[in-house]
Amino acid sequence: MKKLLVGIILFLTTFSTACAVTSATTTTSTTDTTTSSETTQTTTQTTTSNTTTTNTTTTSFLTDTAPVNYEGSYCDELVVDYDYIDNLLASLTLEEKVGQMMQAEKNGVSNNDVTNYNLGSILSGGGSAPSTNDAYNWYLMYKGFQDAARNSSSEIPIIYGLDAVHGNNNVYRATMFPHNIGLGAANDPDLMERIGLITAREIRVTGMNYTFAPMIGVVQDISWGRTYESLSESADLVAGLTGAYIDGLQNYCIGASAKHFVADGGTDGGHDQGNAIMTEEEVRAIHLVPYYDAIEAGVYTIMISYSSINGEKMHASEYWIQDVLKDEMGFDGFVISDYEAIHQLPGDYYAQLVSSINAGVDMLMEPWSWKDAITNIIAAVGAGDISMNRIDDAVRRILIIKYKMGLFSEDFYDESTQTYYRLSYSEGFSTDENKAVAREAVRESLVLLKNENNALPLSKDQDVAVIGEGAVNIGIQCGGWTIGWQGDDNRSLTPGTTILAGMREAVSGTNGTVVQDIYEADTVVVVLSENPYAEYYGDNDTLTLTGPTATSTNADVLEQVLYAKSEGKKVVALILAGRPLILGQYEQFFDAIVMAWLPGTEAGHGIADVLYGDYDFTGKLPVTWPKNSTGIGMNINSVNYNPDVVLYPFGTGLSYKEENPWT
């Protein structure tokens with residue numbers, strides 16, 4: 001009977017407009033008085049009968065900013081001794097130099113290898129953690145590799161890299177922030193710098209010193225599986241946040257790596273590692289823009305993209321890497337390849353190495369093939385296929401960055417101070433201070449897209465049902481690049497606060513309840529979500545609520561939504577996803593719609609703060625939200641922009657203080 005009723009409702013409402021025009025028009029003018037701690041709202045309503053009624057209601061919204069007390073470190077004051085660098089470079093053998101150009105996977109290398117081959121860098125790929133995944137065991141692993149490097153013939157320390165892309169997300173119990181797409185919605189440079197600083201702090205606790213972040217690709221098609229790693233479809237928005245985040249990381253001695261150079265967000269059809277079909281003017285006008293800000297901020301490294309421009313693989317593009325990035329733009333850090341990316345170049349392995357190094361790649365991320373790479377590069381220098389000048393340029397760049405990171409300072413290795421080699425675990429990892437900033441980031445990232453029938457804010461004295469797997473699942477709310485490469489829909493993936501727990505805590509001590517049964521509540525918060533994914537595993541050109549990347553429980557949850565509406569209940573849709581999803585016919589059944597993106601470990605508290613009205617909504621859409629499948633790929637840069645296929649334009653974002661323009 002229930003399914004029959006739902007079917008009738010769905011059939012009838014399909015032919016109605018989602019946003020009905022009422023016979024009585026209400027105009028609302030809002031005057032705000034803002035103090036440092038609250039906002040007072042006075043609303044005047046004018047009805048069609050020309051009778052003016054003034055309702056003065058005071059709604060206070062908290063506006064605090066969580067402080068970060070971690071001061072910048074000694075890296076701020078380092079001045080590179082170029083004579084030291086040049087003398088060191090002159091003392092190295094060819095073998096030692098080529099060793100510096102290698103980055104090996106920690107599971108593909110031993111401590112003895114680091115010593116014997118003078119390796120320049122180690123990485124932990126996604127999920128490549130020590131057997132006991134906690135901060136201290138990460139430190140012990142790092143220390144073993146670093147000690148081995150200092151015992152090599154060159155005595156040059158290593159850089160250890162990892163994908164800390166929303167906090168130090170590889171480590172169990174780390175503070176995990178919203179993914180970049182949510183931070184783009186927040187669009188707060190000060191917040192970005194504080195997140196960078198905290199991320200650097202939680203990396204340094206483990207001893208590590210390098211992260212493959214920030215990702216500054218400008219997404220143009222949300223089919224792309226890396227959409228959530230992008231801050232926005234707007235080059236200006238991405239650029240405006242880039243420098244602040246790099247400052248936060250590098251002022252605390254963590255090397256940053258802007259990625260992926262260039263036009264990774266502009267591939268045809270949003271295919272990861274695909275081909276960007278565009279003119280050079282389009283590349284420069286959109287995709288190159290954030291790199292100017294990264295270079296101005298002094299970014300240490302830049303990672304090359306797997307993708308191509310008009311069929312030319314970026315890892316072999318001497319024009320874009322050497323002529324544009326290094327010569328024209330003046331980038332003086334080192335260029336690193338992506339994970340085994342040179343293997344996609346034409347020719348055999350020898351030819352791939354030669355073409356990428358001659359194009360301007362300085363360090364090769366060759367996790368498993370690094371020994372073969374060393375052998376082939378030495379042979380290529382001997383054969384004249386790679387010049388000694390090119391090798392010296394690459395190694396000099398690497399040594400300068402190591403100097404800037406403090407790795408040639410003896411103080412760095414003084415464990416007695418716990419200041420350089422490793423920070424105090426108890427004082428710097430997953431602290432209340434760090435979590436407070438993550439909670440603030442969640443609040444700022446939320447975007448209110450629709451709010452009718454006074455659905456929001458929720459009252460702490462009402463009974464609310466919260467349904468959907470995403471409401472109780474830490475893995476889903478954190479998304480990909482969490483503990484492992486692809487993330488995991490494991491409810492216990494890492495400690496954090498679920499949406500259900502956060503909302504229950506918010507009403508503790510009040511007359512309200514938060515339940516999981518829609519029969520016991522008048523308002524239903526339905527959490528619709530995507531499963532965790534990363535990179536090409538997330539490529540999806542359908543993007544429906546029940547499509548390939550959608551959480552399997554969404555279908556059942558949507559059925560409950562229709563039933564709830566048939567019973568006269570209010571429904572609030574809370575979406576956990578790495579990009580906009582096609583709402584289709586279901587949009588009309590939601591009284592309110594909130595986009596929460598992939599909010600991280602502190603999602604529960606941050607979301608509850610705003611849904612219950614302690615804080616107002618401030619987030620704005622950093623990407624265009626399509627109405628249907630034909631709108632996927634539509635964005636503010638589209639030559640043939642068609643508003644008819646757009647549900648919510650770029651920049652949309654309501655607040656409790658604004659009239660809802662969608663009704």
# chains A, B, ... in the order shown; residues from 1 in each chain; ligands from 1

call {"tool": "select_by_dssp", "arguments": {"residues": "stretch 315-462 of chain A", "states": "helix (DSSP H, G or I)", "output": "PyMOL selection string"}}
result
chain A and resi 315-316+318-328+341-344+349-359+370-382+388-404+410-413+415-417+425-428+432-445

call {"tool": "closest_residue", "arguments": {"among": "A:Ile158, A:Thr279, A:Ile632, A:Val623", "to": "A:Val238", "atoms": "only C-alpha atoms"}}
result
A:Val623

call {"tool": "residues_around", "arguments": {"residues": "A:Glu71", "least_positions_apart": "6", "cutoff": "12 Å", "atoms": "only C-alpha atoms", "output": "number ranges by chain"}}
result
A: 194, 197-198, 200-201, 248-253, 428

call {"tool": "select_by_dssp", "arguments": {"residues": "stretch 417-532 of chain A", "states": "strand (DSSP E or B)", "output": "PyMOL selection string"}}
result
chain A and resi 447-451+463-467+482+484+513-515+523-530

call {"tool": "closest_residue", "arguments": {"among": "A:Asp272, A:Glu229, A:Asp81, A:Glu328", "to": "A:Tyr537", "atoms": "only C-alpha atoms"}}
result
A:Asp272

call {"tool": "closest_residue", "arguments": {"among": "A:Val527, A:Ile374, A:Leu598, A:Met208", "to": "A:Ala465", "atoms": "only C-alpha atoms"}}
result
A:Val527
